[in-house]
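work.cif follows; it contains mmCIF, C-alpha atoms.
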```cif
data_start
#
loop_
_atom_site.label_atom_id
_atom_site.label_comp_id
_atom_site.auth_asym_id
_atom_site.auth_seq_id
_atom_site.Cartn_x
_atom_site.Cartn_y
_atom_site.Cartn_z
CA MET A 269 -21.97 -72.42 -59.37
CA THR A 270 -19.40 -70.56 -57.37
CA ASP A 271 -21.86 -68.43 -55.37
CA PRO A 272 -23.49 -71.26 -53.37
CA LEU A 273 -20.02 -72.69 -52.67
CA GLU A 274 -18.72 -69.33 -51.45
CA ALA A 275 -21.74 -68.85 -49.22
CA LEU A 276 -21.26 -72.32 -47.81
CA ALA A 277 -17.56 -71.69 -47.21
CA GLN A 278 -18.33 -68.44 -45.44
CA ARG A 279 -20.90 -70.04 -43.17
CA VAL A 280 -18.45 -72.83 -42.36
CA ALA A 281 -15.70 -70.29 -41.61
CA GLU A 282 -17.96 -68.24 -39.35
CA ARG A 283 -19.03 -71.36 -37.51
CA VAL A 284 -15.45 -72.44 -37.06
CA ILE A 285 -14.45 -69.00 -35.76
CA ASP A 286 -17.35 -68.98 -33.31
CA LEU A 287 -16.39 -72.41 -32.06
CA ALA A 288 -12.75 -71.36 -31.78
CA LEU A 289 -13.65 -68.22 -29.85
CA ASP A 290 -15.77 -70.24 -27.47
CA VAL A 291 -12.86 -72.52 -26.80
CA VAL A 292 -10.18 -69.87 -26.48
CA ASP A 293 -9.96 -67.90 -23.17
CA LEU A 294 -9.31 -64.38 -24.47
CA ASN A 295 -8.58 -62.98 -21.02
CA ALA A 296 -5.86 -65.53 -20.46
CA LEU A 297 -4.53 -64.78 -23.90
CA VAL A 298 -4.34 -61.00 -23.23
CA GLU A 299 -2.68 -61.61 -19.89
CA ALA A 300 -0.07 -63.70 -21.61
CA ILE A 301 0.85 -60.86 -23.94
CA ASP A 302 3.70 -58.61 -22.74
CA LEU A 303 2.13 -55.23 -23.58
CA ASN A 304 5.21 -53.29 -22.46
CA ALA A 305 7.33 -55.14 -24.93
CA VAL A 306 4.78 -54.42 -27.63
CA ILE A 307 4.64 -50.71 -26.75
CA ASN A 308 8.42 -50.48 -26.69
CA ARG A 309 8.51 -51.71 -30.23
CA ILE A 310 6.15 -48.97 -31.38
CA ASP A 311 7.72 -45.72 -32.58
CA ILE A 312 5.28 -43.21 -31.11
CA ASN A 313 7.03 -40.27 -32.73
CA GLU A 314 6.63 -41.83 -36.11
CA ILE A 315 2.92 -42.24 -35.45
CA LEU A 316 2.54 -38.68 -34.21
CA LYS A 317 4.21 -37.39 -37.35
CA LYS A 318 1.45 -38.97 -39.36
CA VAL A 319 -1.29 -37.40 -37.22
CA ASP A 320 -2.83 -34.21 -38.56
CA VAL A 321 -3.14 -32.32 -35.28
CA SER A 322 -4.89 -29.37 -36.90
CA ALA A 323 -7.57 -31.63 -38.29
CA LEU A 324 -7.87 -33.29 -34.90
CA ILE A 325 -8.31 -29.94 -33.15
CA ASN A 326 -10.88 -28.87 -35.70
CA GLN A 327 -12.97 -31.83 -34.65
CA VAL A 328 -12.88 -30.86 -30.99
CA ASP A 329 -15.72 -28.68 -29.69
CA ILE A 330 -13.83 -26.26 -27.44
CA ASN A 331 -17.02 -24.58 -26.32
CA GLU A 332 -18.37 -27.93 -25.17
CA ILE A 333 -15.23 -28.49 -23.10
CA LEU A 334 -15.30 -25.00 -21.63
CA GLN A 335 -18.89 -25.44 -20.58
CA ARG A 336 -17.84 -28.41 -18.50
CA VAL A 337 -15.11 -26.43 -16.67
CA ASP A 338 -16.04 -25.20 -13.19
CA VAL A 339 -14.44 -21.76 -13.37
CA ASP A 340 -15.47 -20.83 -9.83
CA ALA A 341 -13.80 -23.91 -8.40
CA MET A 342 -10.71 -23.14 -10.45
CA LEU A 343 -10.62 -19.54 -9.23
CA ASP A 344 -11.04 -20.70 -5.64
CA ARG A 345 -7.78 -22.59 -5.98
CA ILE A 346 -5.87 -19.51 -7.17
CA ASP A 347 -4.19 -17.29 -4.58
CA MET A 348 -5.17 -13.88 -5.95
CA ASN A 349 -3.06 -12.02 -3.40
CA ASP A 350 0.01 -13.92 -4.47
CA LEU A 351 -0.90 -13.24 -8.10
CA VAL A 352 -1.26 -9.51 -7.50
CA GLN A 353 2.04 -9.38 -5.63
CA ARG A 354 3.76 -10.69 -8.74
CA LEU A 355 2.38 -7.92 -10.94
CA ASP A 356 4.79 -5.23 -12.04
CA ILE A 357 2.48 -2.31 -11.38
CA ASP A 358 4.94 0.21 -12.78
CA THR A 359 5.04 -1.51 -16.15
CA LEU A 360 1.32 -2.15 -16.12
CA VAL A 361 0.47 1.48 -15.50
CA GLY A 362 3.16 2.79 -17.80
CA GLN A 363 2.53 0.59 -20.82
CA THR A 364 -1.21 0.10 -20.83
CA ASP A 365 -4.31 2.26 -20.88
CA LEU A 366 -4.63 1.64 -17.15
CA GLY A 367 -2.51 4.71 -16.57
CA ALA A 368 -4.87 6.90 -18.56
CA ILE A 369 -7.84 5.44 -16.69
CA ILE A 370 -6.25 6.17 -13.32
CA ALA A 371 -5.25 9.65 -14.41
CA SER A 372 -8.71 10.47 -15.69
CA SER A 373 -10.55 8.97 -12.72
CA SER A 374 -8.43 10.16 -9.82
CA GLY A 375 -6.19 12.79 -11.25
CA GLY A 376 -6.87 16.44 -10.99
CA ILE A 377 -5.08 19.67 -10.45
CA ALA A 378 -5.74 19.52 -6.72
CA SER A 379 -4.52 15.96 -6.25
CA GLU A 380 -1.53 16.60 -8.49
CA ALA A 381 -0.58 19.68 -6.48
CA LEU A 382 -1.12 17.82 -3.22
CA ASP A 383 1.03 14.89 -4.34
CA ALA A 384 3.74 17.27 -5.48
CA ALA A 385 3.69 19.28 -2.25
CA ARG A 386 3.79 16.17 -0.11
CA SER A 387 6.58 14.57 -2.08
CA GLN A 388 8.61 17.79 -2.00
CA ALA A 389 8.10 18.02 1.76
CA VAL A 390 9.17 14.40 2.19
CA GLY A 391 12.26 15.09 0.11
CA LEU A 392 13.17 18.15 2.17
CA ASP A 393 12.55 16.21 5.37
CA GLY A 394 15.04 13.59 4.27
CA PHE A 395 17.55 16.19 3.14
CA ILE A 396 17.50 18.04 6.47
CA ASP A 397 17.52 14.83 8.45
CA ARG A 398 20.62 13.58 6.66
CA TRP A 399 22.48 16.79 7.43
CA VAL A 400 21.42 16.72 11.08
CA GLN A 401 22.58 13.12 11.40
CA ARG A 402 25.94 14.07 9.91
CA ALA A 403 26.28 17.10 12.15
CA LEU A 404 25.51 15.00 15.22
CA ARG A 405 27.92 12.31 13.97
CA ARG A 406 25.61 9.50 14.86
CA LYS A 407 27.15 6.15 14.12
CA HIS A 408 23.95 4.16 14.28
CA PRO A 409 21.06 5.12 11.98
CA ALA A 410 17.85 6.04 13.71
CA PRO A 411 14.75 3.83 13.33
CA SER A 412 12.69 5.05 10.42
CA MET A 413 9.27 4.15 11.82
CA PRO A 414 7.52 3.06 15.01
CA PRO A 415 7.83 -0.65 15.84
CA ALA A 416 4.15 -1.38 15.22
CA LEU A 417 4.55 -0.20 11.64
CA PHE A 418 7.60 -2.33 10.89
CA GLU A 419 5.42 -5.02 9.38
CA GLY A 420 4.02 -2.59 6.85
CA GLN A 421 0.58 -2.32 8.37
CA PRO A 422 -1.22 0.90 7.40
CA VAL A 423 -1.53 3.37 10.23
CA GLU A 424 -5.32 3.25 10.04
CA SER A 425 -5.35 -0.49 10.76
CA GLN A 426 -3.43 -0.27 14.03
CA PRO A 427 -5.88 -0.56 16.91
CA PRO A 428 -5.32 1.82 19.81
CA ASP A 429 -4.79 -1.01 22.29
CA ALA A 430 -2.48 -3.05 20.07
CA GLU A 431 0.77 -4.01 21.73
CA PRO A 432 3.46 -4.89 19.21
CA PRO A 433 5.57 -7.89 20.17
CA ASP A 434 8.80 -5.93 20.32
CA ALA A 435 7.39 -2.61 21.42
CA GLU A 436 9.80 -0.49 23.38
CA PRO A 437 8.92 1.98 26.08
CA ALA A 438 7.97 5.31 24.57
CA ASP A 439 11.08 7.11 25.70
CA ALA A 440 13.54 4.25 25.53
CA GLU A 441 16.61 4.51 23.37
CA PRO A 442 15.66 2.74 20.15
CA ALA A 443 17.46 -0.39 19.12
CA ASP A 444 20.02 -0.33 16.37
CA ALA A 445 18.07 -2.79 14.27
CA GLN A 446 16.86 -1.23 11.06
CA PRO A 447 13.48 -1.98 9.52
CA PRO A 448 13.52 -3.42 6.00
CA ASP A 449 12.93 -0.13 4.29
CA ALA A 450 14.92 2.17 6.51
CA ARG A 451 16.09 5.33 4.82
CA ALA A 452 18.89 4.37 2.53
CA GLN A 453 20.81 7.58 2.79
CA SER A 454 20.43 8.30 6.50
CA MET B 59 16.58 10.22 -9.43
CA SER B 60 14.36 8.58 -12.07
CA ALA B 61 10.63 9.07 -12.20
CA ARG B 62 10.01 5.50 -11.15
CA SER B 63 12.33 5.47 -8.19
CA GLN B 64 10.90 8.82 -7.10
CA ALA B 65 7.41 7.35 -7.30
CA ALA B 66 8.55 4.31 -5.34
CA ASP B 67 9.86 6.61 -2.61
CA TYR B 68 6.29 7.74 -2.04
CA VAL B 69 5.42 4.29 -0.81
CA SER B 70 8.62 3.55 1.07
CA ALA B 71 8.15 6.75 3.11
CA GLN B 72 4.72 5.70 4.34
CA GLY B 73 4.76 5.03 8.08
CA ASN B 74 8.15 6.69 8.59
CA TYR B 75 8.60 9.38 11.19
CA ALA B 76 7.62 12.69 9.65
CA GLY B 77 10.36 15.27 9.36
CA SER B 78 10.61 18.91 10.28
CA VAL B 79 9.51 20.47 6.98
CA SER B 80 6.27 18.51 6.69
CA ARG B 81 5.39 19.20 10.30
CA PHE B 82 6.28 22.88 10.13
CA LEU B 83 4.22 23.38 6.96
CA ALA B 84 1.31 21.56 8.56
CA PHE B 85 1.55 23.82 11.60
CA VAL B 86 1.68 26.95 9.43
CA ILE B 87 -1.50 25.84 7.64
CA ASP B 88 -3.20 25.02 10.93
CA ALA B 89 -2.18 28.33 12.49
CA ALA B 90 -3.53 30.21 9.50
CA VAL B 91 -6.76 28.22 9.35
CA SER B 92 -7.47 28.30 13.08
CA THR B 93 -6.67 32.00 13.36
CA GLY B 94 -8.75 32.75 10.28
CA LEU B 95 -11.68 30.81 11.69
CA PHE B 96 -11.30 32.62 15.00
CA ALA B 97 -11.29 35.99 13.25
CA LEU B 98 -14.35 34.97 11.29
CA GLY B 99 -16.03 33.96 14.53
CA LEU B 100 -15.24 37.30 16.12
CA ALA B 101 -16.50 39.15 13.06
CA ALA B 102 -19.71 37.12 13.05
CA THR B 103 -20.16 37.79 16.75
CA SER B 104 -19.61 41.52 16.24
CA PHE B 105 -22.12 41.54 13.40
CA GLY B 106 -24.67 39.67 15.49
CA VAL B 107 -24.26 42.01 18.46
CA GLN B 108 -24.56 45.03 16.19
CA VAL B 109 -27.72 43.70 14.59
CA VAL B 110 -29.33 42.85 17.94
CA THR B 111 -28.21 45.77 20.10
CA GLY B 112 -27.31 48.41 17.54
CA HIS B 113 -23.94 48.95 19.17
CA SER B 114 -20.73 48.09 17.34
CA VAL B 115 -18.26 45.87 19.16
CA THR B 116 -14.53 46.02 18.50
CA TRP B 117 -12.08 43.37 19.59
CA SER B 118 -8.58 44.25 20.74
CA ARG B 119 -5.62 41.88 20.71
CA SER B 120 -4.59 43.16 24.11
CA ASN B 121 -7.97 42.24 25.57
CA ILE B 122 -7.37 39.45 28.05
CA VAL B 123 -10.79 37.92 27.41
CA VAL B 124 -10.11 37.69 23.70
CA ALA B 125 -6.71 36.17 24.44
CA ILE B 126 -8.24 33.54 26.73
CA ILE B 127 -10.95 32.69 24.21
CA TYR B 128 -8.32 32.46 21.50
CA ALA B 129 -6.21 30.11 23.62
CA GLY B 130 -9.27 27.98 24.33
CA TRP B 131 -10.18 27.88 20.68
CA GLU B 132 -6.66 26.81 19.69
CA PHE B 133 -6.73 24.08 22.31
CA PHE B 134 -10.08 22.89 20.96
CA TYR B 135 -8.93 23.05 17.34
CA PHE B 136 -5.76 21.02 17.89
CA GLY B 137 -6.96 18.86 20.77
CA TYR B 138 -10.20 17.79 19.15
CA SER B 139 -8.52 17.11 15.81
CA TRP B 140 -5.80 14.96 17.38
CA ALA B 141 -8.21 13.15 19.65
CA ALA B 142 -10.80 12.49 16.95
CA SER B 143 -8.70 11.55 13.95
CA GLY B 144 -5.05 11.98 14.87
CA LYS B 145 -4.60 14.82 12.44
CA THR B 146 -5.49 18.43 11.99
CA PHE B 147 -6.45 20.02 8.68
CA GLY B 148 -2.86 21.05 8.01
CA MET B 149 -1.58 17.58 8.86
CA ALA B 150 -4.14 16.06 6.51
CA VAL B 151 -2.93 18.34 3.72
CA LEU B 152 0.69 17.36 4.30
CA GLY B 153 -0.25 13.70 4.81
CA VAL B 154 1.05 13.24 8.34
CA ARG B 155 -0.73 12.12 11.48
CA VAL B 156 -0.23 11.60 15.17
CA VAL B 157 0.16 8.03 16.38
CA ARG B 158 1.12 6.43 19.64
CA ALA B 159 4.88 6.17 20.19
CA ASP B 160 4.80 2.51 19.18
CA GLY B 161 2.89 3.26 15.97
CA ALA B 162 -0.65 2.30 16.98
CA ILE B 163 -3.52 4.76 16.67
CA ALA B 164 -3.26 7.28 19.48
CA ASP B 165 -5.92 7.16 22.18
CA PRO B 166 -8.14 10.26 22.29
CA TRP B 167 -6.78 11.30 25.67
CA ARG B 168 -3.30 11.46 24.20
CA GLY B 169 -4.57 14.01 21.71
CA ALA B 170 -5.86 16.17 24.54
CA VAL B 171 -2.62 15.82 26.52
CA ARG B 172 -0.64 16.66 23.40
CA ALA B 173 -2.69 19.82 22.90
CA LEU B 174 -2.15 20.79 26.54
CA ALA B 175 1.60 20.17 26.32
CA PHE B 176 1.90 21.83 22.93
CA PRO B 177 2.44 25.37 24.34
CA LEU B 178 5.31 24.06 26.47
CA SER B 179 7.30 23.44 23.31
CA PHE B 180 7.16 27.18 22.60
CA LEU B 181 8.80 27.99 25.92
CA LEU B 182 12.53 28.75 26.03
CA PHE B 183 12.55 30.04 22.48
CA GLY B 184 10.93 26.96 21.05
CA LEU B 185 13.53 24.55 22.31
CA GLY B 186 10.79 21.95 22.72
CA PHE B 187 10.55 21.71 18.96
CA LEU B 188 14.25 20.94 18.66
CA GLY B 189 13.42 17.29 19.24
CA ILE B 190 11.83 17.16 15.79
CA LEU B 191 15.27 17.83 14.35
CA VAL B 192 17.63 16.02 16.69
CA GLN B 193 15.60 13.37 18.47
CA ARG B 194 16.03 9.94 16.88
CA GLU B 195 12.27 9.53 16.41
CA HIS B 196 11.66 13.18 15.53
CA ARG B 197 9.55 13.69 18.63
CA ALA B 198 9.06 17.13 20.09
CA LEU B 199 8.62 17.86 23.79
CA HIS B 200 4.82 17.58 23.55
CA ASP B 201 5.22 14.23 21.78
CA LEU B 202 7.41 12.91 24.59
CA ILE B 203 4.93 14.10 27.21
CA ALA B 204 1.89 12.63 25.45
CA GLY B 205 3.69 9.46 24.31
CA THR B 206 3.02 10.16 20.67
CA ALA B 207 4.90 10.43 17.40
CA VAL B 208 4.10 11.85 13.96
CA VAL B 209 4.36 9.65 10.87
CA TYR B 210 3.64 9.94 7.17
CA ALA B 211 0.19 8.47 6.63
CA TRP B 212 -1.03 9.66 3.25
CA ASP B 213 -2.26 7.17 0.69
CA ALA B 214 1.15 6.84 -0.89
CA ARG B 215 0.23 3.86 -3.05
CA ALA B 216 -2.59 5.74 -4.77
CA ALA B 217 -0.35 8.78 -5.14
CA ARG B 218 2.30 6.60 -6.69
CA LEU B 219 -0.19 5.22 -9.21
CA ARG B 220 -1.34 8.74 -10.04
CA PHE B 221 2.27 9.78 -10.45
CA LEU B 222 3.03 6.86 -12.75
CA ALA B 223 -0.15 7.49 -14.69
CA ARG B 224 0.78 11.11 -15.26
CA GLU B 225 4.28 10.08 -16.28
CA ALA B 226 2.82 7.54 -18.69
CA GLY B 227 0.50 10.19 -20.07
CA ALA B 228 3.44 12.50 -20.61
CA GLY B 229 5.28 9.72 -22.42
CA THR B 230 8.31 9.82 -20.19
CA LEU B 231 8.09 6.34 -18.79
CA GLY B 232 8.53 4.61 -22.08
CA ALA B 233 11.98 6.09 -22.42
CA ALA B 234 13.31 4.19 -19.45
CA PRO B 235 11.80 0.71 -19.44
CA GLY B 236 14.75 -0.85 -17.64
CA THR B 237 15.00 1.61 -14.81
CA PRO B 238 15.28 -0.29 -11.54
CA THR B 239 12.49 0.16 -9.10
CA THR B 240 12.44 0.07 -5.36
CA PRO B 241 10.31 -2.82 -4.16
CA SER B 242 7.20 -1.68 -2.39
CA PRO B 243 6.76 -2.77 1.20
CA PRO B 244 3.65 -4.89 1.85
CA GLY B 245 0.62 -2.99 2.84
#
```
Target encoding structure tokens, full file:
Amino acid sequence: MTDPLEALAQRVAERVIDLALDVVDLNALVEAIDLNAVINRIDINEILKKVDVSALINQVDINEILQRVDVDAMLDRIDMNDLVQRLDIDTLVGQTDLGAIIASSSGGIASEALDAARSQAVGLDGFIDRWVQRALRRKHPAPSMPPALFEGQPVESQPPDAEPPDAEPADAEPADAQPPDARAQS
Amino acid sequence: MSARSQAADYVSAQGNYAGSVSRFLAFVIDAAVSTGLFALGLAATSFGVQVVTGHSVTWSRSNIVVAIIYAGWEFFYFGYSWAASGKTFGMAVLGVRVVRADGAIADPWRGAVRALAFPLSFLLFGLGFLGILVQREHRALHDLIAGTAVVYAWDARAARLRFLAREAGAGTLGAAPGTPTTPSPPG
């Protein structure tokens, strides 16, 4: 006896709701709601506490996401030169296997002896130069390198016909300005 | 001086005017190599003449012809090396090279002029070489005449990496992780 009545009541309710929805302008209703006020009343932190982030991450297919990433485009936006400049080469070579790789690939008795001889010669050059400068009692330190090399360009990259902007005549008395890496002890 | 700062000095010296020791050692090597090659050439010539003619030929130092050939050979050895690459064999060993006074690569004719003016520096008891010691840019008389200078040009960055690698292999770098380093100049 109750089943036909319930079915009838449900049909009536559905019909009423349909009619009500037809009458009501939902867009106008949503516009009338102050969503900011509603959001302000929600405690997001409280909601986040209830979220199981680990479970959420487990549902995410990372591989699927990575496949969508355009790595080439991303790399194009990275300034590799700037990145390399930030590297601490000393630490990298000293604390990783990179040092062993360099030593095994380029090291040898000949290169080691050559490096040692050159560095010793450079050291002696500086030592003698300092004493000569003291003996001559020069007040102003001498320029450490030719003007075209001030900017740190390798010697091999300087074209023969290149004229540096501040180049002095070959035999002119050099200016007192010191390059950035002038000899510290001279 | 710590190992790291010493290694950093390798790089900071690149492009600087080369000093007297490096240049003198380079010259000693070049003198030995060029004279050795000349002696070998004379010996080969003597052997060739003996094989062809059956007569032995001896060379005397006082022979003016030998002296002239030797002078010509030395001019060719130094002049060609400076004109072609800016460095002789000895300079390559010591990691120095000839550049124009302003630092650019020297024109080939400057190498030839430098080789021609080189003997002048020996005159007056080698006073021409005094410029390497006292001149502000370490330029000798033949450098001033040819408008050249000598700078350190070896691959200091690679040498520095090799040095650090050897230090790391020896386990000495790990003992001083906080040692300050000299910043490397660009390039």
**Distance filter 6 Å, all atoms listed in the file, chain B against chain A, as an MDAnalysis selection string** = chainID B and resid 73:75 77:80 152 159:165 194 205 220 223 226 244:245
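Those residues returned by the PyMOL selection byres ((chain B and resi 186) around 12) for this file are Ala175, Phe176, Pro177, Leu178, Ser179, Phe180, Leu181, Leu182, Phe183, Gly184, Leu185, Phe187, Leu188, Gly189, Ile190, Leu191, Val192, Gln193, His196, Arg197, Ala198, Leu199, His200, Asp201, Leu202 and Ile203 of chain B.
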**Asked** Which residue gives the smallest distance to Arg172 (chain B) among B:Ala141, B:Leu83, B:Val151, B:Ala97, with all atoms listed in the file counted?
**Response**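 Closest residue, counting all atoms listed in the file: B:Ala141.
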**Request:** Name all residues at most 9 Å from Ala170 (chain B) (count all atoms listed in the file; drop same-chain ones fewer than 3 positions away) and give them as a PyMOL selection string.
**Result:** chain B and resi 133-134+136-138+140-141+166-167+173-175+204
**Asked** What do you get, as JSON, numbers by chain, if you spell out every residue that the PyMOL selection byres ((chain B and resi 212) around 9) selects here?
**Response** {"A": [386], "B": [72, 73, 150, 151, 152, 153, 154, 155, 210, 211, 213, 214, 215, 217]}
**One-decimal distance in Å that lies between CA of Gly130 (chain B) and CA of Leu95 (chain B)** = 13.2 Å
Neighbour residues at most 8 Å from (-3.0, 23.5, 13.1) (only C-alpha atoms) as a compact mmCIF listing (two decimals) with C-alpha atoms, keeping the file's coordinate frame:
```
# COMPACT_ATOMS: atom_id res chain seq x y z
CA ALA B 84 1.31 21.56 8.56
CA PHE B 85 1.55 23.82 11.60
CA VAL B 86 1.68 26.95 9.43
CA ILE B 87 -1.50 25.84 7.64
CA ASP B 88 -3.20 25.02 10.93
CA ALA B 89 -2.18 28.33 12.49
CA ALA B 90 -3.53 30.21 9.50
CA VAL B 91 -6.76 28.22 9.35
CA SER B 92 -7.47 28.30 13.08
CA TYR B 135 -8.93 23.05 17.34
CA PHE B 136 -5.76 21.02 17.89
CA THR B 146 -5.49 18.43 11.99
CA PHE B 147 -6.45 20.02 8.68
CA GLY B 148 -2.86 21.05 8.01
CA MET B 149 -1.58 17.58 8.86
```
**Message:** So the first atom is CA of Tyr128 (chain B) and the second is CA of Gly94 (chain B); what is the distance between them in Å, to one decimal place?
**Reply:** 11.2 Å
**Request:** Determine, counting all atoms listed in the file, every residue of protein, DNA or RNA that lies within 8 Å of (-11.3, 32.0, 19.7) in the file coordinates, then give the result as a ChimeraX atom specification.
**Result:** /B:93,96-97,99-100,124-132
**Request:** Please indicate the distance in Å from CA of Leu289 (chain A) to CA of Leu273 (chain A), rounded to one decimal place.
**Result:**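 CA of Leu273 (chain A) lies 24.1 Å from CA of Leu289 (chain A).
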**Message:** When the PyMOL selection byres ((chain B and resi 117) around 10) is applied to the structure above, which residues does it catch, written out as an NGL selection string?
**Reply:** :B and (97 or 100-101 or 104 or 115-116 or 118-121 or 123-124)
Write out as lines of an AutoDock Vina configuration file an axis-aligned box for region 399-418 of chain A: all of its atoms listed in the file, 8 Å added on each side, centre and edge lengths in Å with one decimal.
```
center_x = 16.0
center_y = 7.4
center_z = 11.6
size_x = 39.8
size_y = 35.4
size_z = 24.4
```
